[in-house]
Structures are given as C-alpha cells and as structure tokens.
$ cat start13.tsv   # TSV, C-alpha atoms and all ligand atoms
chain	number	residue	atom	x	y	z
A	6	MET	CA	0.00	0.00	0.00
A	7	THR	CA	3.05	2.26	-0.13
A	8	VAL	CA	2.56	5.55	-1.97
A	9	ILE	CA	5.53	7.56	-3.21
A	10	ILE	CA	5.05	11.20	-4.16
A	11	LYS	CA	8.03	13.37	-5.03
A	12	ASN	CA	10.60	12.79	-2.25
A	13	LEU	CA	8.19	11.30	0.29
A	14	THR	CA	7.21	7.72	1.01
A	15	PHE	CA	3.84	7.07	2.65
A	16	LYS	CA	3.53	3.58	4.17
A	17	ASN	CA	-0.16	3.63	3.26
A	18	PRO	CA	-2.53	6.20	1.74
A	19	LEU	CA	-4.14	7.17	5.06
A	20	LEU	CA	-3.54	10.58	6.62
A	21	LEU	CA	-5.13	12.12	9.69
A	22	ALA	CA	-6.79	15.38	8.64
A	23	SER	CA	-5.96	18.75	10.11
A	24	GLY	CA	-7.92	19.79	13.17
A	25	THR	CA	-9.22	16.33	13.95
A	26	PHE	CA	-6.17	14.72	15.57
A	27	GLY	CA	-4.55	17.53	17.56
A	28	LEU	CA	-0.91	18.50	17.16
A	29	GLY	CA	0.59	15.04	16.72
A	30	ASP	CA	1.71	14.49	20.30
A	31	LYS	CA	-1.07	12.14	21.47
A	32	PHE	CA	-2.31	8.70	20.33
A	33	LEU	CA	1.13	7.91	18.87
A	34	GLY	CA	0.10	4.26	18.40
A	35	VAL	CA	-2.42	5.41	15.80
A	36	ILE	CA	-0.34	8.18	14.22
A	37	ASN	CA	2.72	6.03	13.63
A	38	LYS	CA	0.69	3.44	11.72
A	39	MET	CA	-0.72	6.03	9.31
A	40	GLY	CA	0.89	7.38	6.14
A	41	GLY	CA	1.04	10.74	7.87
A	42	ILE	CA	-0.58	13.31	10.12
A	43	ILE	CA	-1.54	16.89	9.33
A	44	THR	CA	-1.63	19.01	12.48
A	45	LYS	CA	-4.27	21.47	13.59
A	46	GLY	CA	-3.75	24.83	11.87
A	47	ILE	CA	-0.94	26.91	13.38
A	48	THR	CA	-1.09	30.71	13.34
A	49	ILE	CA	1.51	33.33	14.25
A	50	GLU	CA	-0.19	34.32	17.50
A	51	GLU	CA	-1.82	31.97	20.01
A	52	ARG	CA	-5.59	31.70	19.44
A	53	LEU	CA	-8.27	30.72	21.91
A	54	GLY	CA	-10.86	30.05	19.21
A	55	ASN	CA	-14.51	31.01	18.91
A	56	PRO	CA	-17.12	31.21	21.69
A	57	ILE	CA	-18.87	27.96	22.66
A	58	PRO	CA	-20.75	25.96	21.50
A	59	ARG	CA	-18.27	25.15	18.74
A	60	ILE	CA	-19.56	21.77	17.62
A	61	PHE	CA	-23.10	20.80	16.65
A	62	GLU	CA	-24.02	17.35	15.47
A	63	THR	CA	-26.35	17.17	12.44
A	64	PRO	CA	-28.08	13.95	11.30
A	65	SER	CA	-25.23	13.17	8.87
A	66	GLY	CA	-22.15	15.07	9.98
A	67	ILE	CA	-20.99	17.89	12.19
A	68	LEU	CA	-20.89	21.65	12.08
A	69	ASN	CA	-17.86	23.20	13.75
A	70	SER	CA	-16.75	26.72	14.49
A	71	VAL	CA	-13.60	25.92	16.48
A	72	GLY	CA	-11.90	29.03	15.09
A	73	LEU	CA	-8.29	27.87	14.82
A	74	GLU	CA	-7.58	27.37	18.50
A	75	ASN	CA	-3.81	26.74	18.71
A	76	PRO	CA	-0.74	27.73	20.78
A	77	GLY	CA	0.83	29.96	18.09
A	78	ILE	CA	4.03	29.26	16.18
A	79	LYS	CA	6.55	30.16	18.94
A	80	LYS	CA	4.95	28.00	21.63
A	81	PHE	CA	4.34	25.20	19.10
A	82	LYS	CA	8.04	25.17	18.24
A	83	THR	CA	9.29	25.20	21.82
A	84	THR	CA	6.77	22.93	23.53
A	85	ILE	CA	5.23	20.60	20.92
A	86	LEU	CA	7.69	20.21	18.04
A	87	PRO	CA	10.51	18.72	20.18
A	88	LYS	CA	8.10	15.90	21.16
A	89	LEU	CA	7.42	15.13	17.51
A	90	THR	CA	10.98	14.32	16.48
A	91	LYS	CA	10.42	10.62	17.15
A	92	LEU	CA	7.27	10.28	15.01
A	93	GLN	CA	7.63	7.34	12.66
A	94	THR	CA	5.50	8.83	9.93
A	95	ASN	CA	5.20	11.95	7.79
A	96	LEU	CA	4.43	15.05	9.80
A	97	PHE	CA	2.73	17.94	8.00
A	98	ILE	CA	2.09	21.24	9.70
A	99	ASN	CA	-1.08	23.03	8.63
A	100	ILE	CA	-0.34	26.77	8.51
A	101	ALA	CA	-2.96	29.51	8.61
A	102	GLY	CA	-1.86	33.06	7.90
A	103	SER	CA	-3.98	36.22	7.80
A	104	SER	CA	-1.86	37.73	5.03
A	105	VAL	CA	0.76	36.70	2.49
A	106	ASP	CA	3.45	37.95	4.90
A	107	GLU	CA	2.13	35.82	7.74
A	108	PHE	CA	2.18	32.70	5.55
A	109	THR	CA	5.77	33.58	4.60
A	110	ILE	CA	6.81	33.93	8.26
A	111	LEU	CA	5.14	30.63	9.21
A	112	ALA	CA	6.86	28.81	6.33
A	113	THR	CA	10.25	30.25	7.28
A	114	GLU	CA	9.79	29.34	10.96
A	115	LEU	CA	8.86	25.78	9.99
A	116	ASP	CA	11.69	25.05	7.60
A	117	VAL	CA	12.99	22.52	10.15
A	118	PRO	CA	14.17	18.90	9.73
A	119	GLU	CA	11.45	17.35	11.93
A	120	ILE	CA	8.69	17.90	9.39
A	121	ALA	CA	7.93	16.31	6.04
A	122	GLY	CA	6.06	19.30	4.72
A	123	LEU	CA	3.49	22.03	5.09
A	124	GLU	CA	-0.20	22.13	4.33
A	125	ILE	CA	-1.12	25.69	3.44
A	126	ASN	CA	-4.60	26.29	4.82
A	127	LEU	CA	-6.10	28.45	2.12
A	128	SER	CA	-9.59	27.65	3.26
A	129	CYS	CA	-9.69	29.41	6.64
A	130	PRO	CA	-11.91	32.48	6.91
A	131	ASN	CA	-9.45	34.80	8.62
A	132	ILE	CA	-7.54	36.66	5.97
A	133	LYS	CA	-7.29	40.35	6.97
A	134	ASN	CA	-9.89	42.75	5.51
A	135	SER	CA	-11.78	40.01	3.73
A	136	GLN	CA	-14.92	38.02	4.30
A	137	ARG	CA	-13.77	35.56	1.67
A	138	LEU	CA	-11.58	32.49	1.98
A	139	PRO	CA	-8.18	32.85	0.30
A	140	ALA	CA	-8.96	29.66	-1.62
A	141	GLN	CA	-11.95	31.41	-3.25
A	142	ASN	CA	-9.57	33.75	-5.04
A	143	PRO	CA	-7.23	32.13	-7.59
A	144	ARG	CA	-4.92	35.17	-7.61
A	145	LEU	CA	-4.50	35.03	-3.83
A	146	VAL	CA	-3.91	31.27	-3.98
A	147	ALA	CA	-1.18	31.91	-6.56
A	148	LYS	CA	0.41	34.64	-4.44
A	149	ILE	CA	0.40	32.68	-1.18
A	150	VAL	CA	1.65	29.42	-2.69
A	151	ALA	CA	4.42	31.22	-4.61
A	152	ALA	CA	5.50	33.14	-1.48
A	153	VAL	CA	5.62	29.99	0.66
A	154	ARG	CA	7.41	28.06	-2.11
A	155	LYS	CA	10.18	30.68	-2.08
A	156	LYS	CA	10.77	30.12	1.64
A	157	THR	CA	10.83	26.34	1.83
A	158	SER	CA	11.99	23.31	-0.08
A	159	LYS	CA	9.60	21.12	1.95
A	160	PHE	CA	6.71	19.17	0.41
A	161	LEU	CA	3.93	21.71	-0.10
A	162	ILE	CA	0.24	20.89	0.05
A	163	ALA	CA	-2.34	23.54	-0.88
A	164	LYS	CA	-5.59	22.96	1.02
A	165	LEU	CA	-8.39	24.26	-1.16
A	166	THR	CA	-12.07	24.91	-0.71
A	167	ALA	CA	-15.11	23.92	-2.72
A	168	ASN	CA	-17.23	26.69	-1.18
A	169	PHE	CA	-18.69	28.83	-3.97
A	170	ILE	CA	-15.84	28.25	-6.43
A	171	ASP	CA	-14.85	25.62	-8.94
A	172	PRO	CA	-11.79	24.14	-7.18
A	173	LEU	CA	-10.27	23.16	-10.53
A	174	ILE	CA	-9.43	26.85	-11.05
A	175	THR	CA	-7.66	27.22	-7.71
A	176	ALA	CA	-5.99	23.81	-8.03
A	177	GLN	CA	-4.45	25.02	-11.29
A	178	ALA	CA	-3.26	28.23	-9.58
A	179	ALA	CA	-1.69	26.20	-6.75
A	180	VAL	CA	0.09	23.81	-9.10
A	181	ASP	CA	1.36	26.61	-11.36
A	182	ASN	CA	2.94	28.26	-8.33
A	183	GLY	CA	4.77	25.33	-6.84
A	184	ALA	CA	2.35	23.17	-4.82
A	185	ASP	CA	3.43	19.51	-4.76
A	186	ALA	CA	-0.09	18.32	-3.96
A	187	ILE	CA	-3.54	19.68	-3.36
A	188	SER	CA	-5.86	18.74	-0.56
A	189	LEU	CA	-9.65	18.99	-0.59
A	190	ILE	CA	-12.36	19.38	0.31
A	191	ASN	CA	-12.33	21.42	3.50
A	192	THR	CA	-15.63	21.89	5.33
A	193	LEU	CA	-18.62	23.40	3.54
A	194	TYR	CA	-20.42	26.47	4.87
A	195	GLY	CA	-23.25	25.67	7.25
A	196	ILE	CA	-25.51	27.10	9.90
A	197	ALA	CA	-28.04	25.63	12.34
A	198	PHE	CA	-30.77	27.32	14.39
A	199	ASP	CA	-32.32	26.64	17.75
A	200	VAL	CA	-36.04	26.96	16.99
A	201	LYS	CA	-36.89	27.68	20.65
A	202	THR	CA	-34.53	30.66	21.05
A	203	ARG	CA	-34.76	31.46	17.31
A	204	LYS	CA	-30.98	32.03	17.35
A	205	PRO	CA	-28.05	30.31	15.63
A	206	ILE	CA	-26.74	27.41	17.69
A	207	LEU	CA	-23.00	27.86	17.19
A	208	GLY	CA	-21.14	30.53	19.18
A	209	GLY	CA	-19.43	31.51	15.93
A	210	ILE	CA	-22.92	31.71	14.26
A	211	THR	CA	-21.82	29.96	11.05
A	212	GLY	CA	-19.64	26.88	10.88
A	213	GLY	CA	-18.08	24.30	8.62
A	214	LEU	CA	-20.00	21.16	7.70
A	215	SER	CA	-18.02	17.90	7.57
A	216	GLY	CA	-18.65	14.18	7.77
A	217	PRO	CA	-20.70	11.75	5.63
A	218	ALA	CA	-23.03	14.56	4.48
A	219	ILE	CA	-20.28	16.01	2.28
A	220	LYS	CA	-18.78	12.80	0.87
A	221	PRO	CA	-20.53	12.64	-2.53
A	222	PHE	CA	-19.69	16.28	-3.22
A	223	ALA	CA	-16.08	15.75	-2.11
A	224	LEU	CA	-15.80	12.74	-4.44
A	225	TYR	CA	-17.22	14.81	-7.27
A	226	CYS	CA	-14.65	17.59	-6.71
A	227	ILE	CA	-11.74	15.15	-6.76
A	228	TRP	CA	-13.04	13.36	-9.86
A	229	HIS	CA	-13.67	16.72	-11.57
A	230	ILE	CA	-10.11	17.94	-10.96
A	231	ARG	CA	-8.62	14.57	-11.93
A	232	GLN	CA	-10.21	14.82	-15.39
A	233	LYS	CA	-8.08	17.88	-16.16
A	234	LEU	CA	-5.06	18.03	-13.85
A	235	ASP	CA	-2.21	15.64	-13.28
A	236	VAL	CA	-1.44	16.68	-9.69
A	237	PRO	CA	-1.25	14.48	-6.58
A	238	ILE	CA	-4.56	14.85	-4.71
A	239	ILE	CA	-5.21	14.28	-1.01
A	240	GLY	CA	-8.93	13.59	-0.93
A	241	GLY	CA	-11.24	13.71	2.03
A	242	GLY	CA	-14.70	14.51	3.26
A	243	GLY	CA	-16.75	12.07	5.27
A	244	ILE	CA	-14.41	9.09	5.26
A	245	MET	CA	-15.70	6.55	7.80
A	246	THR	CA	-14.89	3.17	6.25
A	247	ALA	CA	-12.37	1.34	4.04
A	248	ASN	CA	-14.95	1.47	1.23
A	249	ASP	CA	-15.02	5.26	1.48
A	250	VAL	CA	-11.23	5.27	1.08
A	251	LYS	CA	-11.49	3.06	-2.01
A	252	GLU	CA	-14.04	5.45	-3.52
A	253	PHE	CA	-11.71	8.41	-3.07
A	254	LEU	CA	-8.86	6.48	-4.71
A	255	LEU	CA	-11.19	5.54	-7.59
A	256	ALA	CA	-12.16	9.20	-7.99
A	257	GLY	CA	-8.50	10.05	-8.48
A	258	ALA	CA	-6.90	10.73	-5.09
A	259	GLN	CA	-3.43	9.32	-4.28
A	260	LEU	CA	-3.86	9.84	-0.54
A	261	VAL	CA	-6.87	10.37	1.69
A	262	ALA	CA	-7.40	12.32	4.90
A	263	ILE	CA	-9.66	11.02	7.66
A	264	GLY	CA	-11.28	13.95	9.49
A	265	SER	CA	-14.51	13.98	11.49
A	266	GLY	CA	-14.38	10.18	11.73
A	267	ASN	CA	-11.50	10.62	14.22
A	268	LEU	CA	-13.80	12.60	16.49
A	269	VAL	CA	-16.26	9.71	16.54
A	270	ASP	CA	-13.49	7.14	17.15
A	271	PRO	CA	-9.80	8.07	17.53
A	272	PHE	CA	-8.88	4.52	16.49
A	273	LEU	CA	-10.82	4.74	13.21
A	274	GLY	CA	-7.59	5.08	11.19
A	275	LEU	CA	-6.31	1.76	12.56
A	276	LYS	CA	-9.64	0.06	11.88
A	277	ILE	CA	-9.74	1.30	8.28
A	278	LEU	CA	-6.11	0.26	7.77
A	279	LYS	CA	-6.86	-3.25	9.01
A	280	GLU	CA	-9.86	-3.51	6.67
A	281	LEU	CA	-7.77	-2.32	3.72
A	282	GLU	CA	-5.07	-4.88	4.48
A	283	GLU	CA	-7.54	-7.79	4.60
A	301	LIG	C1	-13.26	20.23	14.41
A	301	LIG	C2	-12.57	20.45	13.09
A	301	LIG	C3	-11.44	21.28	13.03
A	301	LIG	C4	-10.79	21.48	11.80
A	301	LIG	N1	-9.67	22.27	11.77
A	301	LIG	C5	-9.00	22.44	10.59
A	301	LIG	C6	-7.81	23.23	10.54
A	301	LIG	O1	-7.31	23.75	11.55
A	301	LIG	N2	-7.20	23.39	9.33
A	301	LIG	C7	-7.71	22.81	8.18
A	301	LIG	O2	-7.12	22.98	7.11
A	301	LIG	N3	-8.82	22.04	8.21
A	301	LIG	C8	-9.47	21.84	9.38
A	301	LIG	N4	-10.59	21.05	9.42
A	301	LIG	C9	-11.09	20.41	8.17
A	301	LIG	C10	-10.68	18.93	8.09
A	301	LIG	O3	-9.28	18.79	8.06
A	301	LIG	C11	-11.29	18.26	6.85
A	301	LIG	O4	-10.75	18.85	5.69
A	301	LIG	C12	-12.82	18.40	6.79
A	301	LIG	O5	-13.39	18.24	8.07
A	301	LIG	C13	-13.48	17.39	5.82
A	301	LIG	O6	-13.21	16.06	6.18
A	301	LIG	P1	-14.18	15.17	7.10
A	301	LIG	O7	-15.55	15.23	6.52
A	301	LIG	O8	-13.57	13.80	7.09
A	301	LIG	O9	-14.13	15.78	8.47
A	301	LIG	C14	-11.27	20.84	10.63
A	301	LIG	C15	-12.40	20.01	10.71
A	301	LIG	C16	-13.04	19.80	11.91
A	301	LIG	C17	-14.23	18.89	11.95
$ encode --input "start13.tsv" --output "structure tokens"
Amino acid sequence: MTVIIKNLTFKNPLLLASGTFGLGDKFLGVINKMGGIITKGITIEERLGNPIPRIFETPSGILNSVGLENPGIKKFKTTILPKLTKLQTNLFINIAGSSVDEFTILATELDVPEIAGLEINLSCPNIKNSQRLPAQNPRLVAKIVAAVRKKTSKFLIAKLTANFIDPLITAQAAVDNGADAISLINTLYGIAFDVKTRKPILGGITGGLSGPAIKPFALYCIWHIRQKLDVPIIGGGGIMTANDVKEFLLAGAQLVAIGSGNLVDPFLGLKILKELEE
C-alpha cells in the first residue's frame, strides 16, 4: 500500500486530517501506523478560538466553528515540536496566515528537519480585511503558494475549498505556483438554528459542515479535478470506512485524509487500515 510522491514515502494512503487529531503528540500508536498526520492549523499568535458551542451534530455530519484554537508558532516550536521528532511517519504542519506575509513567516519558521512538509490552509476564513476564503480567489492562492514556495523546499500541500468556487481553477493556480499536492475538500459552509430561542446554535454563528453529508460532493470535486489536472490529490470529506477510502482512490486521489471520523473514534484510522489490508 506504499505511496511515493516526489521525495516522500507514505507507508499507506491514510492521513489524519488537520484539526481532527490535535498537534501530533497524542495517540502515537495510531499516528505512527498512518501514512502521515496533518496538524491542527498553526497561526503566528496563540488563538483561543470562537465562543462555545463550537460543535453541533447534524443527522449526517458535524458543524464546527472551532476558530483555529492553537498555541501559536513560537509555543508550538518550543513545547510541541521537540516531542514530535520521534514520530515514525510523515508530519505535515497546517499553517494559517492572515496575510501573504504571515504565511511567509510561518513557512520560514517551519523550515525545520522534523517535518515532512506544510499544508497551506487556504480555506480558513481569517484573511485580513476580507470576508472571503483565500482559496476562493485564484490570484490570492497563486500569491500565497508562490510566497511559501520561495521560503521552503519542503513538500507543499495547498488545502483548497469547494465553497462557492470551482476548485479546478484554484488547483491550477496552486500547481502553477509550486504546490506539490492539493488537498480537498475542506468543510462546507453551514448554519443551524435553535427553533426555541430562534438564534443560531454555534457561538461563531456559522460553521463548517463535515462528515458523511459532504462525501458525494467531495468525491465529485476530486473526480472533476482529476479529469483535467495531473497533480497528486489528497482527498477527504466524510471518510468513515475502508470502502469510502477506495471510492476516493477511484475518484483520483493518491492519498486520503480522515477527518470527522477521528472525532467519533480516535482509532478509526487503525480500523480502516486493518480492513484495507484484509
Ligand atoms: C473540528 C474540526 C477542526 C478542523 N480544523 C481544521 C484546521 O485547523 N485546518 C484545516 O485545514 N482544516 C481543518 N478542518 C477540516 C478537516 O481537516 C477536513 O478537511 C474536513 O473536516 C473534511 O473532512 P471530514 O468530513 O472527514 O471531516 C477541521 C475540521 C473539523 C471537523
């Protein structure tokens, strides 16, 4: 089941998706068996995240408005990264800047031997002076990927969105500017209301929808890009079983990322791996 992309070897196609398996310092028995782990998004400054409630379960997936809670790059490097040197798998750090300069700083800070690569989170709604996601703007995708590429020789993954844009356009922009792989889909926009209070349920008002509800759309996006682009794709969205993984590989992904499924069962990655091996 080994997958080789550029200079990296993945012992199997399974990755743990950003934001759903912490910072890589817990559950090492699961992490080390996977092809890799992508950490929670890291920002320049520490972030406490959005007001609670941050997670709401829908009938077929979850809505989250965690809001990039993380220790910030300095604390991450001094307290978490040293613990990750012994990981026996590929470690990717998901970086979330609020400007091109911030992405550049994060990439420079993380050009360290412990990590296999970076996942550029272009689908987080926190770019300065904009209500839009960077991944909804092909020109911004091009600028950020090119700026990060200049600062690192590490494996670069561009994490795109399928929210209100054809991701084929932004995938092309990412590839043209030096991304080694693209990753999608991130969560889809969502909102839920409490009919008694007549108010939105999430503290952040809107959230990101993930889980089985988004799987057919995620598969479509990967298939759609695969028809036109010859780029390594990390596919994900609602993976809960080995069959789901096979579907993503059939749609055209080389690797897959298990996300919300980890929140239901932190050992899901091991279970899926066992099923794939049988
Ligand atoms: C609670 C939660 C936190 C997330 N945090 C991040 C994040 O920090 N950076 C990122 O790029 N994606 C983040 N994601 C998106 C996931 O990595 C994944 O792309 C998305 O949830 C779709 O996959 P799934 O349906 O398997 O969960 C988060 C998802 C969830 C559910």
$ closest_atom_pairs --input "start13.tsv" --of "chain A" --to "ligand LIG 301 (chain A)" --cutoff "8 Å" --atoms "all atoms listed in the file" --output "Markdown table"
| residue | atom | partner | partner_atom | distance |
| --- | --- | --- | --- | --- |
| A:Ala22 | CA | A:LIG301 | O3 | 4.3 |
| A:Ser23 | CA | A:LIG301 | O3 | 3.9 |
| A:Gly24 | CA | A:LIG301 | N1 | 3.3 |
| A:Thr25 | CA | A:LIG301 | C2 | 5.4 |
| A:Thr44 | CA | A:LIG301 | O1 | 7.5 |
| A:Lys45 | CA | A:LIG301 | O1 | 4.3 |
| A:Gly46 | CA | A:LIG301 | O1 | 3.7 |
| A:Ile47 | CA | A:LIG301 | O1 | 7.3 |
| A:Ile60 | CA | A:LIG301 | C1 | 7.2 |
| A:Gly66 | CA | A:LIG301 | O7 | 7.5 |
| A:Ile67 | CA | A:LIG301 | C17 | 6.8 |
| A:Leu68 | CA | A:LIG301 | C17 | 7.2 |
| A:Asn69 | CA | A:LIG301 | C1 | 5.5 |
| A:Ser70 | CA | A:LIG301 | C1 | 7.4 |
| A:Val71 | CA | A:LIG301 | C1 | 6.1 |
| A:Gly72 | CA | A:LIG301 | O1 | 7.8 |
| A:Leu73 | CA | A:LIG301 | O1 | 5.4 |
| A:Glu74 | CA | A:LIG301 | O1 | 7.8 |
| A:Asn99 | CA | A:LIG301 | N2 | 6.2 |
| A:Ile100 | CA | A:LIG301 | N2 | 7.7 |
| A:Ala101 | CA | A:LIG301 | N2 | 7.5 |
| A:Glu124 | CA | A:LIG301 | O2 | 7.5 |
| A:Ile125 | CA | A:LIG301 | O2 | 7.5 |
| A:Asn126 | CA | A:LIG301 | O2 | 4.7 |
| A:Leu127 | CA | A:LIG301 | O2 | 7.5 |
| A:Ser128 | CA | A:LIG301 | O2 | 6.5 |
| A:Cys129 | CA | A:LIG301 | O2 | 6.9 |
| A:Lys164 | CA | A:LIG301 | O2 | 6.3 |
| A:Ser188 | CA | A:LIG301 | O4 | 7.9 |
| A:Leu189 | CA | A:LIG301 | O4 | 6.4 |
| A:Ile190 | CA | A:LIG301 | O4 | 5.6 |
| A:Asn191 | CA | A:LIG301 | O4 | 3.7 |
| A:Thr192 | CA | A:LIG301 | C12 | 4.7 |
| A:Gly213 | CA | A:LIG301 | C15 | 7.4 |
| A:Leu214 | CA | A:LIG301 | O5 | 7.2 |
| A:Ser215 | CA | A:LIG301 | O7 | 3.8 |
| A:Gly216 | CA | A:LIG301 | O7 | 3.5 |
| A:Pro217 | CA | A:LIG301 | O7 | 6.3 |
| A:Ala218 | CA | A:LIG301 | O7 | 7.8 |
| A:Ile219 | CA | A:LIG301 | O7 | 6.4 |
| A:Lys220 | CA | A:LIG301 | O7 | 6.9 |
| A:Gly241 | CA | A:LIG301 | O6 | 5.2 |
| A:Gly242 | CA | A:LIG301 | O7 | 3.4 |
| A:Gly243 | CA | A:LIG301 | O7 | 3.6 |
| A:Ile244 | CA | A:LIG301 | O8 | 5.1 |
| A:Met245 | CA | A:LIG301 | O8 | 7.6 |
| A:Ala262 | CA | A:LIG301 | O8 | 6.7 |
| A:Ile263 | CA | A:LIG301 | O8 | 4.8 |
| A:Gly264 | CA | A:LIG301 | O8 | 3.3 |
| A:Ser265 | CA | A:LIG301 | O9 | 3.5 |
| A:Gly266 | CA | A:LIG301 | O8 | 5.9 |
| A:Leu268 | CA | A:LIG301 | C17 | 7.8 |
$ atom_distance --input "start13.tsv" --atom1 "atom CA of Lys155 of chain A" --atom2 "atom CA of Ser103 of chain A"
18.1 Å
$ atom_distance --input "start13.tsv" --atom1 "atom CA of Thr14 of chain A" --atom2 "atom CA of Asn95 of chain A"
8.2 Å
$ atom_distance --input "start13.tsv" --atom1 "atom CA of Ala223 of chain A" --atom2 "atom CA of Glu62 of chain A"
19.4 Å
$ closest_residue --input "start13.tsv" --among "A:Gly41, A:Pro76, A:Gly212, A:Pro58" --to "Leu123 of chain A" --atoms "all atoms listed in the file"
A:Gly41
$ closest_residue --input "start13.tsv" --among "A:Leu92, A:Leu161, A:Leu260, A:Ile98" --to "Gly183 of chain A" --atoms "only C-alpha atoms"
A:Leu161
$ closest_residue --input "start13.tsv" --among "A:Lys148, A:Lys79, A:Arg231, A:Arg52" --to "Ile187 of chain A" --atoms "all atoms listed in the file"
A:Arg231
$ closest_residue --input "start13.tsv" --among "A:Pro139, A:Gly27, A:Gly240, A:Gly54" --to "Pro221 of chain A" --atoms "all atoms listed in the file"
A:Gly240
$ residues_around --input "start13.tsv" --residues "Gly34 of chain A" --least-positions-apart "6" --cutoff "10 Å" --atoms "only C-alpha atoms" --output "PyMOL selection string"
chain A and resi 92-93+272+275
$ write_last_selection --input "start13.tsv" --atoms "C-alpha atoms" --output "short mmCIF file (atom, residue, chain, number, x, y, z; two decimals), in the frame of the given file"
data_model
loop_
_atom_site.label_atom_id
_atom_site.label_comp_id
_atom_site.auth_asym_id
_atom_site.auth_seq_id
_atom_site.Cartn_x
_atom_site.Cartn_y
_atom_site.Cartn_z
CA LEU A 92 7.27 10.28 15.01
CA GLN A 93 7.63 7.34 12.66
CA PHE A 272 -8.88 4.52 16.49
CA LEU A 275 -6.31 1.76 12.56
#
$ closest_residue --input "start13.tsv" --among "A:Ile43, A:Ala247, A:Gln232, A:Phe61" --to "Phe26 of chain A" --atoms "all atoms listed in the file"
A:Ile43
$ residues_around --input "start13.tsv" --residues "segment 49-51 of chain A" --least-positions-apart "4" --cutoff "6 Å" --atoms "only C-alpha atoms" --output "PyMOL selection string"
chain A and resi 75-78
$ closest_residue --input "start13.tsv" --among "A:Ile210, A:Leu273, A:Ile110, A:Ile230" --to "Ala152 of chain A" --atoms "only C-alpha atoms"
A:Ile110
$ residues_around --input "start13.tsv" --residues "Thr94 of chain A" --least-positions-apart "3" --cutoff "8 Å" --atoms "all atoms listed in the file" --output "PyMOL selection string"
chain A and resi 15+36-42
$ write_last_selection --input "start13.tsv" --atoms "C-alpha atoms" --output "short mmCIF file (atom, residue, chain, number, x, y, z; two decimals), in the coordinates of the input"
data_model
loop_
_atom_site.label_atom_id
_atom_site.label_comp_id
_atom_site.auth_asym_id
_atom_site.auth_seq_id
_atom_site.Cartn_x
_atom_site.Cartn_y
_atom_site.Cartn_z
CA PHE A 15 3.84 7.07 2.65
CA ILE A 36 -0.34 8.18 14.22
CA ASN A 37 2.72 6.03 13.63
CA LYS A 38 0.69 3.44 11.72
CA MET A 39 -0.72 6.03 9.31
CA GLY A 40 0.89 7.38 6.14
CA GLY A 41 1.04 10.74 7.87
CA ILE A 42 -0.58 13.31 10.12
#
$ axis_aligned_box --input "start13.tsv" --around "segment 275-278 of chain A" --padding-each-side "3 Å" --output "lines of an AutoDock Vina configuration file"
center_x = -7.9
center_y = 0.9
center_z = 10.2
size_x = 9.6
size_y = 7.7
size_z = 10.8
$ residues_around --input "start13.tsv" --residues "segment 8-10 of chain A" --least-positions-apart "6" --cutoff "12 Å" --atoms "only C-alpha atoms" --output "ChimeraX atom specification"
/A:16-20,39-41,95,121,160-162,185-186,236-239,254,258-261
$ write_last_selection --input "start13.tsv" --atoms "C-alpha atoms" --output "mmCIF file, keeping the file's coordinate frame"
data_model
loop_
_atom_site.group_PDB
_atom_site.id
_atom_site.type_symbol
_atom_site.label_atom_id
_atom_site.label_comp_id
_atom_site.auth_asym_id
_atom_site.auth_seq_id
_atom_site.Cartn_x
_atom_site.Cartn_y
_atom_site.Cartn_z
ATOM 1 C CA LYS A 16 3.530 3.580 4.170
ATOM 2 C CA ASN A 17 -0.160 3.630 3.260
ATOM 3 C CA PRO A 18 -2.530 6.200 1.740
ATOM 4 C CA LEU A 19 -4.140 7.170 5.060
ATOM 5 C CA LEU A 20 -3.540 10.580 6.620
ATOM 6 C CA MET A 39 -0.720 6.030 9.310
ATOM 7 C CA GLY A 40 0.890 7.380 6.140
ATOM 8 C CA GLY A 41 1.040 10.740 7.870
ATOM 9 C CA ASN A 95 5.200 11.950 7.790
ATOM 10 C CA ALA A 121 7.930 16.310 6.040
ATOM 11 C CA PHE A 160 6.710 19.170 0.410
ATOM 12 C CA LEU A 161 3.930 21.710 -0.100
ATOM 13 C CA ILE A 162 0.240 20.890 0.050
ATOM 14 C CA ASP A 185 3.430 19.510 -4.760
ATOM 15 C CA ALA A 186 -0.090 18.320 -3.960
ATOM 16 C CA VAL A 236 -1.440 16.680 -9.690
ATOM 17 C CA PRO A 237 -1.250 14.480 -6.580
ATOM 18 C CA ILE A 238 -4.560 14.850 -4.710
ATOM 19 C CA ILE A 239 -5.210 14.280 -1.010
ATOM 20 C CA LEU A 254 -8.860 6.480 -4.710
ATOM 21 C CA ALA A 258 -6.900 10.730 -5.090
ATOM 22 C CA GLN A 259 -3.430 9.320 -4.280
ATOM 23 C CA LEU A 260 -3.860 9.840 -0.540
ATOM 24 C CA VAL A 261 -6.870 10.370 1.690
#
$ residues_around --input "start13.tsv" --residues "Ile85 of chain A" --least-positions-apart "4" --cutoff "10 Å" --atoms "only C-alpha atoms" --output "JSON, numbers by chain"
{"A": [28, 29, 30, 76, 78, 79, 80, 81, 89, 90]}
